[in-house]
$ cat coords-v7.txt   # compact mmCIF, C-alpha atoms and all ligand atoms
# COMPACT_ATOMS: atom_id res chain seq x y z
CA MET A 1 20.96 -36.20 76.83
CA PRO A 2 20.44 -34.57 73.41
CA ARG A 3 23.67 -33.70 71.71
CA PRO A 4 24.34 -29.96 71.33
CA TYR A 5 23.92 -28.67 67.79
CA ILE A 6 27.28 -27.94 66.19
CA PRO A 7 27.01 -26.18 62.84
CA THR A 8 28.93 -27.90 60.03
CA ARG A 9 31.85 -25.89 58.83
CA ILE A 10 31.54 -24.84 55.23
CA PRO A 11 34.99 -24.78 53.62
CA LYS A 12 35.76 -21.50 51.92
CA LEU A 13 36.60 -21.66 48.21
CA SER A 14 40.15 -20.68 47.62
CA PRO A 15 40.39 -17.58 45.37
CA LEU A 16 43.69 -19.04 44.12
CA LEU A 17 42.06 -22.16 42.60
CA PRO A 18 43.83 -22.61 39.23
CA PHE A 19 41.59 -21.84 36.19
CA ARG A 20 43.31 -24.60 34.14
CA GLN A 21 41.33 -27.14 36.11
CA PHE A 22 38.13 -26.06 34.26
CA GLU A 23 39.54 -25.88 30.75
CA VAL A 24 38.04 -28.14 28.02
CA ASN A 25 40.39 -30.89 26.95
CA SER A 26 40.34 -30.55 23.12
CA THR A 27 42.15 -33.87 22.54
CA ARG A 28 39.34 -35.94 24.09
CA LYS A 29 37.08 -38.17 21.90
CA PRO A 30 33.74 -36.66 20.80
CA LEU A 31 31.36 -36.86 23.74
CA ILE A 32 28.33 -37.82 21.64
CA SER A 33 28.47 -41.19 19.91
CA ASP A 34 26.58 -42.07 16.70
CA LYS A 35 24.50 -44.48 18.74
CA THR A 36 23.38 -41.67 21.02
CA LYS A 37 22.62 -39.46 18.02
CA MET A 38 20.45 -42.19 16.49
CA ALA A 39 18.70 -42.71 19.77
CA ALA A 40 18.00 -38.96 19.95
CA ASN A 41 16.51 -39.05 16.47
CA GLU A 42 14.32 -42.01 17.34
CA SER A 43 13.25 -40.24 20.50
CA ASN A 44 12.20 -37.24 18.41
CA GLN A 45 10.11 -39.46 16.11
CA SER A 46 8.10 -40.75 19.06
CA PHE A 47 6.91 -37.18 19.68
CA LYS A 48 5.29 -36.87 16.25
CA LEU A 49 1.55 -36.25 16.36
CA GLU A 50 0.83 -39.49 14.51
CA ASN A 51 2.55 -41.38 17.33
CA LEU A 52 1.23 -39.38 20.26
CA PHE A 53 -2.38 -39.42 19.04
CA ASN A 54 -2.62 -42.56 16.97
CA VAL A 55 -6.15 -44.00 16.80
CA LYS A 56 -5.81 -45.59 13.37
CA ASP A 57 -7.74 -48.89 13.13
CA LYS A 58 -8.86 -48.68 16.76
CA VAL A 59 -12.37 -50.00 17.37
CA ALA A 60 -14.51 -47.55 19.35
CA LEU A 61 -18.06 -47.52 20.68
CA ILE A 62 -19.63 -44.19 21.60
CA THR A 63 -22.99 -44.04 23.34
CA GLY A 64 -25.08 -40.99 22.47
CA GLY A 65 -22.98 -40.59 19.33
CA GLY A 66 -25.80 -39.10 17.26
CA SER A 67 -25.54 -35.53 18.53
CA GLY A 68 -23.61 -33.04 20.67
CA ILE A 69 -20.48 -34.23 22.45
CA GLY A 70 -20.82 -37.84 21.27
CA LEU A 71 -20.84 -36.69 17.66
CA MET A 72 -17.77 -34.47 18.25
CA ALA A 73 -15.94 -37.47 19.75
CA ALA A 74 -17.03 -39.75 16.90
CA GLN A 75 -15.66 -37.31 14.32
CA ALA A 76 -12.37 -36.82 16.20
CA LEU A 77 -11.76 -40.57 16.26
CA ALA A 78 -13.13 -41.55 12.83
CA VAL A 79 -11.42 -38.73 10.90
CA ASN A 80 -8.13 -40.01 12.35
CA GLY A 81 -8.68 -43.58 11.26
CA ALA A 82 -10.74 -45.30 13.96
CA LYS A 83 -13.70 -47.55 13.28
CA VAL A 84 -16.39 -45.90 15.39
CA TYR A 85 -19.69 -47.51 16.31
CA ILE A 86 -22.22 -44.95 17.49
CA THR A 87 -25.25 -45.85 19.55
CA GLY A 88 -28.39 -44.13 20.82
CA ARG A 89 -32.13 -44.78 20.90
CA THR A 90 -32.97 -42.88 17.69
CA ALA A 91 -31.83 -44.80 14.61
CA GLU A 92 -32.57 -41.87 12.30
CA LYS A 93 -30.08 -39.59 14.10
CA LEU A 94 -27.36 -42.22 13.93
CA ASP A 95 -27.97 -42.95 10.25
CA ARG A 96 -27.82 -39.26 9.43
CA VAL A 97 -24.50 -38.88 11.30
CA ALA A 98 -23.01 -41.92 9.57
CA SER A 99 -24.03 -40.74 6.11
CA LEU A 100 -22.91 -37.14 6.65
CA TYR A 101 -19.68 -37.53 8.64
CA GLY A 102 -18.62 -41.07 7.74
CA LYS A 103 -17.68 -40.26 4.14
CA ASN A 104 -14.23 -39.45 2.68
CA ILE A 105 -12.38 -40.05 5.96
CA SER A 106 -9.75 -42.61 6.86
CA GLY A 107 -11.96 -44.28 9.49
CA GLN A 108 -15.62 -45.26 9.64
CA ILE A 109 -18.80 -44.32 11.51
CA ILE A 110 -21.25 -47.19 11.94
CA PRO A 111 -24.73 -46.81 13.48
CA LEU A 112 -25.85 -49.38 16.04
CA PRO A 113 -29.12 -48.32 17.74
CA ALA A 114 -29.57 -49.34 21.39
CA ASP A 115 -30.94 -48.18 24.72
CA VAL A 116 -28.03 -48.36 27.13
CA THR A 117 -30.22 -48.27 30.24
CA ASN A 118 -31.40 -51.80 29.66
CA LYS A 119 -29.33 -54.94 30.35
CA ASP A 120 -30.74 -56.98 27.43
CA SER A 121 -29.97 -54.13 25.09
CA ILE A 122 -26.40 -53.92 26.47
CA ARG A 123 -25.98 -57.69 26.03
CA LYS A 124 -27.03 -57.33 22.37
CA LEU A 125 -24.46 -54.55 21.88
CA VAL A 126 -21.72 -56.72 23.39
CA SER A 127 -22.67 -59.62 21.19
CA GLU A 128 -22.79 -57.40 18.09
CA ILE A 129 -19.29 -55.93 18.70
CA SER A 130 -18.00 -59.38 19.65
CA THR A 131 -19.20 -60.91 16.38
CA ARG A 132 -18.10 -58.04 14.18
CA GLU A 133 -14.75 -57.18 15.82
CA GLY A 134 -13.82 -59.60 18.58
CA HIS A 135 -12.39 -56.76 20.64
CA LEU A 136 -12.93 -53.12 21.64
CA SER A 137 -10.21 -50.45 21.98
CA ILE A 138 -12.30 -47.49 23.18
CA LEU A 139 -15.62 -47.34 25.02
CA MET A 140 -17.01 -43.85 25.48
CA ASN A 141 -19.95 -43.87 27.88
CA ASN A 142 -21.33 -40.54 26.80
CA ALA A 143 -25.14 -40.87 26.72
CA GLY A 144 -26.80 -38.67 29.29
CA ILE A 145 -29.95 -36.74 30.15
CA SER A 146 -30.64 -33.66 32.23
CA SER A 147 -33.25 -33.03 34.92
CA HIS A 148 -35.92 -30.31 34.99
CA LYS A 149 -35.00 -26.72 35.81
CA GLU A 150 -35.81 -25.64 39.35
CA GLU A 151 -35.86 -22.17 40.88
CA THR A 152 -33.35 -21.91 43.74
CA THR A 153 -33.33 -18.17 44.44
CA PRO A 154 -36.32 -17.57 46.78
CA GLU A 155 -35.08 -16.43 50.20
CA ASP A 156 -38.02 -18.00 51.91
CA ALA A 157 -38.35 -21.54 53.25
CA SER A 158 -41.93 -22.05 52.07
CA LYS A 159 -41.18 -20.72 48.60
CA LEU A 160 -38.13 -22.99 48.34
CA GLN A 161 -40.26 -25.91 49.46
CA GLU A 162 -42.76 -25.02 46.74
CA THR A 163 -40.20 -25.05 43.92
CA LEU A 164 -37.99 -27.91 45.12
CA PHE A 165 -40.57 -30.24 46.69
CA ASP A 166 -44.16 -29.38 45.74
CA ASP A 167 -43.50 -28.81 42.02
CA SER A 168 -45.08 -31.64 40.05
CA SER A 169 -41.83 -32.22 38.08
CA ALA A 170 -39.88 -32.84 41.30
CA THR A 171 -40.34 -36.59 41.66
CA PHE A 172 -38.44 -39.63 42.85
CA ASP A 173 -39.04 -41.09 39.40
CA GLU A 174 -37.15 -38.23 37.80
CA TRP A 175 -34.14 -38.80 40.07
CA ASP A 176 -34.28 -42.53 39.30
CA THR A 177 -34.33 -41.92 35.54
CA VAL A 178 -31.49 -39.41 35.66
CA PHE A 179 -29.31 -41.71 37.78
CA ARG A 180 -30.21 -44.73 35.63
CA THR A 181 -28.97 -42.96 32.49
CA ASN A 182 -26.08 -40.93 33.88
CA VAL A 183 -24.65 -43.31 36.49
CA SER A 184 -25.93 -46.91 36.53
CA GLN A 185 -25.59 -47.15 32.75
CA ILE A 186 -21.86 -46.36 33.01
CA PHE A 187 -21.44 -49.18 35.52
CA PHE A 188 -23.28 -51.79 33.45
CA MET A 189 -21.83 -50.77 30.08
CA THR A 190 -18.27 -50.82 31.45
CA THR A 191 -18.57 -54.14 33.23
CA ALA A 192 -20.34 -55.78 30.26
CA PHE A 193 -17.56 -54.75 27.87
CA LEU A 194 -14.57 -55.68 30.08
CA PRO A 195 -13.67 -58.91 28.23
CA LEU A 196 -13.74 -57.18 24.84
CA LEU A 197 -11.72 -54.26 26.20
CA GLN A 198 -9.15 -56.56 27.80
CA ARG A 199 -8.87 -58.41 24.48
CA GLY A 200 -8.22 -55.05 22.80
CA SER A 201 -5.20 -54.52 25.06
CA GLU A 202 -3.91 -58.04 24.52
CA ILE A 203 -3.90 -57.93 20.73
CA GLU A 204 -2.09 -54.61 20.43
CA HIS A 205 1.34 -54.15 21.94
CA GLY A 206 1.76 -50.82 23.72
CA TRP A 207 -1.96 -50.05 23.81
CA SER A 208 -4.26 -50.31 26.81
CA SER A 209 -7.94 -50.18 25.95
CA THR A 210 -9.83 -47.40 27.58
CA VAL A 211 -13.18 -46.38 28.99
CA LEU A 212 -13.95 -42.68 28.76
CA ASN A 213 -17.02 -41.49 30.65
CA THR A 214 -18.61 -38.15 29.85
CA THR A 215 -19.32 -36.61 33.24
CA SER A 216 -19.57 -32.84 33.71
CA ILE A 217 -18.30 -29.80 35.57
CA SER A 218 -21.82 -29.99 37.07
CA GLY A 219 -20.45 -32.76 39.26
CA ILE A 220 -17.62 -30.51 40.46
CA VAL A 221 -19.12 -27.05 41.01
CA LYS A 222 -20.77 -26.14 44.31
CA VAL A 223 -23.82 -24.55 42.70
CA SER A 224 -26.83 -26.69 41.79
CA GLN A 225 -27.18 -24.87 38.46
CA GLN A 226 -30.91 -25.26 39.06
CA HIS A 227 -30.82 -29.00 38.47
CA PHE A 228 -29.93 -30.90 41.65
CA ALA A 229 -30.57 -34.40 40.28
CA TYR A 230 -28.36 -33.87 37.23
CA ASN A 231 -25.47 -32.37 39.23
CA ALA A 232 -25.66 -35.09 41.88
CA SER A 233 -25.64 -37.74 39.13
CA LYS A 234 -22.53 -36.24 37.52
CA ALA A 235 -20.67 -36.12 40.85
CA ALA A 236 -21.60 -39.79 41.27
CA ALA A 237 -20.34 -40.53 37.75
CA ILE A 238 -16.97 -38.94 38.56
CA HIS A 239 -16.64 -41.06 41.69
CA LEU A 240 -17.82 -44.16 39.82
CA THR A 241 -15.03 -43.56 37.28
CA LYS A 242 -12.44 -43.62 40.07
CA MET A 243 -13.88 -46.76 41.67
CA LEU A 244 -14.02 -48.58 38.34
CA ALA A 245 -10.46 -47.52 37.49
CA HIS A 246 -9.29 -48.81 40.87
CA GLU A 247 -11.12 -52.13 40.75
CA VAL A 248 -10.22 -52.83 37.13
CA THR A 249 -6.52 -52.22 37.74
CA SER A 250 -6.68 -54.18 41.02
CA SER A 251 -7.97 -57.10 38.97
CA LYS A 252 -4.80 -56.77 36.89
CA LEU A 253 -6.73 -55.86 33.73
CA ARG A 254 -4.99 -53.52 31.30
CA VAL A 255 -7.96 -51.21 30.84
CA ARG A 256 -7.78 -47.52 31.74
CA VAL A 257 -10.89 -45.73 33.01
CA ASN A 258 -11.08 -41.93 32.89
CA ASN A 259 -13.71 -39.25 32.50
CA ILE A 260 -14.05 -36.02 30.60
CA ALA A 261 -15.86 -33.29 32.52
CA PRO A 262 -17.06 -30.78 29.92
CA GLY A 263 -18.18 -27.24 30.60
CA VAL A 264 -20.78 -25.85 28.21
CA PHE A 265 -20.85 -27.32 24.69
CA PRO A 266 -23.59 -26.96 22.07
CA SER A 267 -25.79 -30.05 21.98
CA GLU A 268 -29.41 -31.12 21.89
CA MET A 269 -29.31 -31.03 25.70
CA THR A 270 -27.97 -27.49 26.02
CA ALA A 271 -29.44 -25.88 22.89
CA GLY A 272 -32.71 -27.83 22.89
CA GLU A 273 -32.34 -28.91 19.26
CA SER A 274 -29.96 -29.73 16.45
CA ASP A 275 -29.95 -28.76 12.78
CA GLU A 276 -30.06 -31.01 9.71
CA GLY A 277 -26.38 -31.81 10.24
CA GLN A 278 -27.14 -32.99 13.82
CA LYS A 279 -25.17 -29.99 15.12
CA SER A 280 -26.41 -27.52 17.74
CA PHE A 281 -25.71 -23.86 18.37
CA ILE A 282 -25.38 -21.67 21.47
CA PRO A 283 -24.81 -17.90 21.03
CA ALA A 284 -21.40 -16.91 22.50
CA GLU A 285 -22.98 -13.88 24.24
CA ARG A 286 -24.81 -16.16 26.64
CA TYR A 287 -21.53 -17.20 28.21
CA ARG A 288 -19.46 -14.03 27.74
CA GLU A 289 -19.63 -13.14 31.45
CA LYS A 290 -20.10 -16.61 32.91
CA VAL A 291 -17.10 -18.43 31.44
CA PRO A 292 -13.54 -17.01 31.49
CA ALA A 293 -13.11 -18.17 27.86
CA ALA A 294 -16.14 -15.95 27.09
CA ARG A 295 -17.74 -18.58 24.85
CA PRO A 296 -19.13 -22.11 24.85
CA GLY A 297 -16.79 -24.96 23.91
CA ARG A 298 -16.07 -25.68 20.26
CA ASP A 299 -16.12 -29.06 18.53
CA GLU A 300 -12.30 -29.01 18.27
CA ASP A 301 -11.92 -28.27 22.01
CA MET A 302 -13.75 -31.51 22.69
CA GLY A 303 -12.06 -33.43 19.86
CA GLY A 304 -8.59 -32.61 21.20
CA ALA A 305 -9.55 -33.60 24.75
CA VAL A 306 -10.99 -36.93 23.60
CA LEU A 307 -7.87 -37.80 21.58
CA PHE A 308 -5.66 -36.90 24.56
CA ALA A 309 -7.66 -38.94 27.09
CA VAL A 310 -7.97 -41.92 24.80
CA CYS A 311 -4.35 -42.04 23.61
CA ASN A 312 -2.37 -41.11 26.70
CA GLN A 313 -1.36 -44.50 28.04
CA TYR A 314 -0.35 -43.06 31.41
CA LEU A 315 -3.75 -41.53 32.24
CA ASN A 316 -5.91 -43.62 34.56
CA GLY A 317 -8.68 -42.84 37.05
CA GLN A 318 -8.63 -39.13 36.18
CA SER A 319 -10.99 -36.30 35.27
CA VAL A 320 -10.06 -34.21 32.26
CA VAL A 321 -11.89 -30.92 32.79
CA VAL A 322 -12.54 -29.06 29.52
CA ASP A 323 -14.53 -26.01 30.50
CA GLY A 324 -12.92 -22.74 29.40
CA GLY A 325 -12.41 -21.98 33.09
CA TYR A 326 -16.05 -22.49 34.15
CA VAL A 327 -15.09 -24.20 37.42
CA LEU A 328 -12.65 -21.40 38.22
CA ALA A 329 -15.48 -18.89 37.96
CA ALA A 330 -18.23 -20.98 39.59
CA GLY A 331 -16.10 -22.45 42.39
CA SER A 332 -15.83 -26.11 43.32
CA VAL A 333 -17.00 -27.90 46.45
N1 LIG A 401 -23.33 -30.23 26.26
C1 LIG A 401 -22.83 -29.86 27.42
O1 LIG A 401 -22.65 -28.66 27.68
C2 LIG A 401 -22.45 -30.87 28.43
C3 LIG A 401 -21.69 -30.46 29.52
C4 LIG A 401 -21.29 -31.40 30.44
C5 LIG A 401 -21.63 -32.72 30.27
N2 LIG A 401 -22.39 -33.10 29.21
C6 LIG A 401 -22.70 -34.52 29.05
O2 LIG A 401 -22.36 -34.91 27.74
C7 LIG A 401 -23.07 -36.08 27.40
C8 LIG A 401 -23.65 -35.90 26.02
O3 LIG A 401 -24.68 -34.93 26.08
P1 LIG A 401 -24.84 -33.76 25.04
O4 LIG A 401 -24.71 -32.50 25.77
O5 LIG A 401 -24.01 -34.01 23.86
O6 LIG A 401 -26.40 -33.89 24.73
P2 LIG A 401 -27.21 -34.59 23.58
O7 LIG A 401 -26.95 -33.95 22.28
O8 LIG A 401 -28.61 -34.61 24.07
O9 LIG A 401 -26.62 -36.05 23.55
C9 LIG A 401 -27.02 -37.06 24.43
C10 LIG A 401 -27.16 -38.33 23.63
O10 LIG A 401 -27.43 -39.42 24.51
C11 LIG A 401 -28.34 -40.28 23.87
N3 LIG A 401 -29.07 -41.03 24.89
C12 LIG A 401 -29.80 -40.54 25.91
N4 LIG A 401 -30.32 -41.55 26.61
C13 LIG A 401 -29.92 -42.69 26.03
C14 LIG A 401 -30.16 -44.06 26.29
N5 LIG A 401 -30.93 -44.47 27.30
N6 LIG A 401 -29.57 -44.98 25.48
C15 LIG A 401 -28.78 -44.59 24.45
N7 LIG A 401 -28.53 -43.29 24.15
C16 LIG A 401 -29.10 -42.37 24.93
C17 LIG A 401 -29.25 -39.34 23.08
O11 LIG A 401 -29.78 -39.96 21.93
P3 LIG A 401 -31.27 -40.59 21.92
O12 LIG A 401 -32.16 -39.62 22.63
O13 LIG A 401 -31.57 -40.74 20.48
O14 LIG A 401 -31.17 -41.89 22.63
C18 LIG A 401 -28.29 -38.25 22.65
O15 LIG A 401 -27.76 -38.49 21.36
C19 LIG A 401 -24.11 -36.27 28.50
O16 LIG A 401 -23.66 -37.25 29.40
C20 LIG A 401 -24.15 -34.92 29.18
O17 LIG A 401 -24.57 -35.01 30.51
C21 LIG A 401 -22.82 -32.20 28.30
$ encode --input "coords-v7.txt" --output "structure tokens" --more "lines below"
Ligand SMILES: NC(=O)c1ccc[n+]([C@@H]2O[C@H](COP(=O)([O-])OP(=O)(O)OC[C@H]3O[C@@H](n4cnc5c(N)ncnc54)[C@H](OP(=O)(O)O)[C@@H]3O)[C@@H](O)[C@H]2O)c1
Amino acid sequence: MPRPYIPTRIPKLSPLLPFRQFEVNSTRKPLISDKTKMAANESNQSFKLENLFNVKDKVALITGGGSGIGLMAAQALAVNGAKVYITGRTAEKLDRVASLYGKNISGQIIPLPADVTNKDSIRKLVSEISTREGHLSILMNNAGISSHKEETTPEDASKLQETLFDDSSATFDEWDTVFRTNVSQIFFMTTAFLPLLQRGSEIEHGWSSTVLNTTSISGIVKVSQQHFAYNASKAAAIHLTKMLAHEVTSSKLRVRVNNIAPGVFPSEMTAGESDEGQKSFIPAERYREKVPAARPGRDEDMGGAVLFAVCNQYLNGQSVVVDGGYVLAAGSV
């Protein structure tokens, strides 16, 4: 038989409770000891920017570091003291970046040309960093390519078939290439560099080396943005980040794996070109209505996000979405 519910009696507070009971005892010893005060001061110091976002002398490798987001990340790290290797297929772009942005800063920018969609080329990169540094603190898998633009508006099955299937640019090869660069490359780069990353954590107390993949809000939004292959590849890259983070931590390695999902930032991919400083430009008007921030992302928006994701030792397996509210407006799956 269930017991009947009997409400607990709440004792009434006596209105005659003597006030003296709550008075401060002025003869008591000071409540805060010097030790506690010192500890409070030390605690404050740990919140200084140079402690929260310290990348001084860290060794970083950024793929696709010769333009766009990779260049923004390279500057954010190198200006704050990191030794940043940048890679990409075009040596000239990398050299130009190193000579323009690698001067008069506390860190360094060092070009190291490579194609990261090829295992031999990845092996050479590993061997190069191994010989020069013996460890790696930050790996930013940022290189990426887009797929061709496809019309998705026709309200007619045959017309949709024409643009999405019959079009000569719509090929299996294109999907393979996009996935090879945007997804498989992240897997092979990360796994190839694990020993150097683990070494990076071992040699520096309080630091866990980190992999930061550049994915995209394109892998989060429900719209195809007129490039199915690209958006599907970015969704895969976000999931790959989580799987890698899980497996790496399950293997008891002290390597964090996260991704940054940018909204729209000026780059060779989004603007179609870059200027003599390897920088690109997108007019703000183009995104005034589309993005709640009413503009594309700025270099500093990306720089701040990269420093946060790289330095925060408690961030693992996560997506840092930096999009001015793009996903809010476009809607996610
Ligand atoms: N800009 C945006 O709005 C935006 C938004 C979301 C996500 N993203 C992502 O951000 C990343 C960077 O793109 P971005 O926008 O900054 O465009 P970007 O200026 O075109 O940069 C991409 C870089 O990747 C390099 N790259 C491409 N394939 C490579 C390969 N096989 N091996 C080595 N390097 C390779 C390119 O250099 P080479 O051609 O010389 O090799 C280029 O420097 C990409 O993953 C992109 O999907 C961009």
$ atom_distance --input "coords-v7.txt" --atom1 "CA of Gly81 (chain A)" --atom2 "CA of Thr210 (chain A)"
16.8 Å
$ residues_near_ligand --input "coords-v7.txt" --ligand "ligand LIG 401 (chain A)" --cutoff "6 Å" --atoms "all atoms listed in the file" --output "number ranges by chain"
A: 63-70, 88-90, 114-117, 142-145, 181, 214-216, 262-270
$ residues_around --input "coords-v7.txt" --residues "Asn231 (chain A)" --least-positions-apart "2" --cutoff "9 Å" --atoms "all atoms listed in the file" --output "PyMOL selection string"
chain A and resi 146-147+216-221+223-229+233-236
$ residues_around --input "coords-v7.txt" --residues "Val255 (chain A)" --least-positions-apart "2" --cutoff "7 Å" --atoms "all atoms listed in the file" --output "list in words"
Leu197, Gln198, Ser208, Ser209, Thr210, Val248, Leu253 and Val257 of chain A
$ write_last_selection --input "coords-v7.txt" --atoms "C-alpha atoms" --output "PDB file, keeping the file's coordinate frame"
ATOM      1  CA  LEU A 197     -11.720 -54.260  26.200  1.00  0.00           C
ATOM      2  CA  GLN A 198      -9.150 -56.560  27.800  1.00  0.00           C
ATOM      3  CA  SER A 208      -4.260 -50.310  26.810  1.00  0.00           C
ATOM      4  CA  SER A 209      -7.940 -50.180  25.950  1.00  0.00           C
ATOM      5  CA  THR A 210      -9.830 -47.400  27.580  1.00  0.00           C
ATOM      6  CA  VAL A 248     -10.220 -52.830  37.130  1.00  0.00           C
ATOM      7  CA  LEU A 253      -6.730 -55.860  33.730  1.00  0.00           C
ATOM      8  CA  VAL A 257     -10.890 -45.730  33.010  1.00  0.00           C
TER       9      VAL A 257
END
$ residues_around --input "coords-v7.txt" --residues "region 307-310 of chain A" --least-positions-apart "6" --cutoff "12 Å" --atoms "only C-alpha atoms" --output "ChimeraX atom specification"
/A:49-56,58-60,72-82,137-140,207-214,255-261,300-301,316-322
$ closest_residue --input "coords-v7.txt" --among "A:Lys124, A:Ile282, A:Asn141, A:Asn118" --to "Thr177 (chain A)" --atoms "all atoms listed in the file"
A:Asn118
$ axis_aligned_box --input "coords-v7.txt" --around "region 302-312 of chain A" --padding-each-side "4 Å" --output "AutoDock Vina command-line options"
--center_x -8.1 --center_y -36.8 --center_z 23.5 --size_x 19.4 --size_y 18.5 --size_z 15.2
$ closest_atom_pairs --input "coords-v7.txt" --of "region 256-316 of chain A" --to "region 324-328 of chain A" --cutoff "6 Å" --atoms "only C-alpha atoms" --output "JSON lines"
{"residue": "A:Val291", "atom": "CA", "partner": "A:Tyr326", "partner_atom": "CA", "distance": 5.0}
{"residue": "A:Pro292", "atom": "CA", "partner": "A:Gly325", "partner_atom": "CA", "distance": 5.3}
{"residue": "A:Ala293", "atom": "CA", "partner": "A:Gly324", "partner_atom": "CA", "distance": 4.8}
$ atom_distance --input "coords-v7.txt" --atom1 "CA of Arg199 (chain A)" --atom2 "CA of His135 (chain A)"
5.5 Å
$ closest_residue --input "coords-v7.txt" --among "A:Gly277, A:Pro113, A:Pro154, A:Pro30" --to "Arg96 (chain A)" --atoms "all atoms listed in the file"
A:Gly277
$ atom_distance --input "coords-v7.txt" --atom1 "CA of Glu128 (chain A)" --atom2 "CA of Leu196 (chain A)"
11.3 Å
$ residues_around --input "coords-v7.txt" --residues "Tyr85 (chain A)" --least-positions-apart "4" --cutoff "7 Å" --atoms "all atoms listed in the file" --output "NGL selection string"
:A and (60-62 or 109-112)
$ closest_residue --input "coords-v7.txt" --among "A:Asn41, A:Val306, A:Pro283, A:Glu276" --to "Ser99 (chain A)" --atoms "only C-alpha atoms"
A:Glu276
$ residues_around --input "coords-v7.txt" --residues "region 167-174 of chain A" --least-positions-apart "3" --cutoff "10 Å" --atoms "only C-alpha atoms" --output "MDAnalysis selection string"
chainID A and resid 146:150 161:164 177:180 229:230
$ closest_residue --input "coords-v7.txt" --among "A:Leu71, A:Thr249, A:Ala40, A:Glu155" --to "Ser280 (chain A)" --atoms "all atoms listed in the file"
A:Leu71
$ closest_residue --input "coords-v7.txt" --among "A:Ile186, A:Glu285, A:Ser274, A:Val97" --to "Met243 (chain A)" --atoms "all atoms listed in the file"
A:Ile186
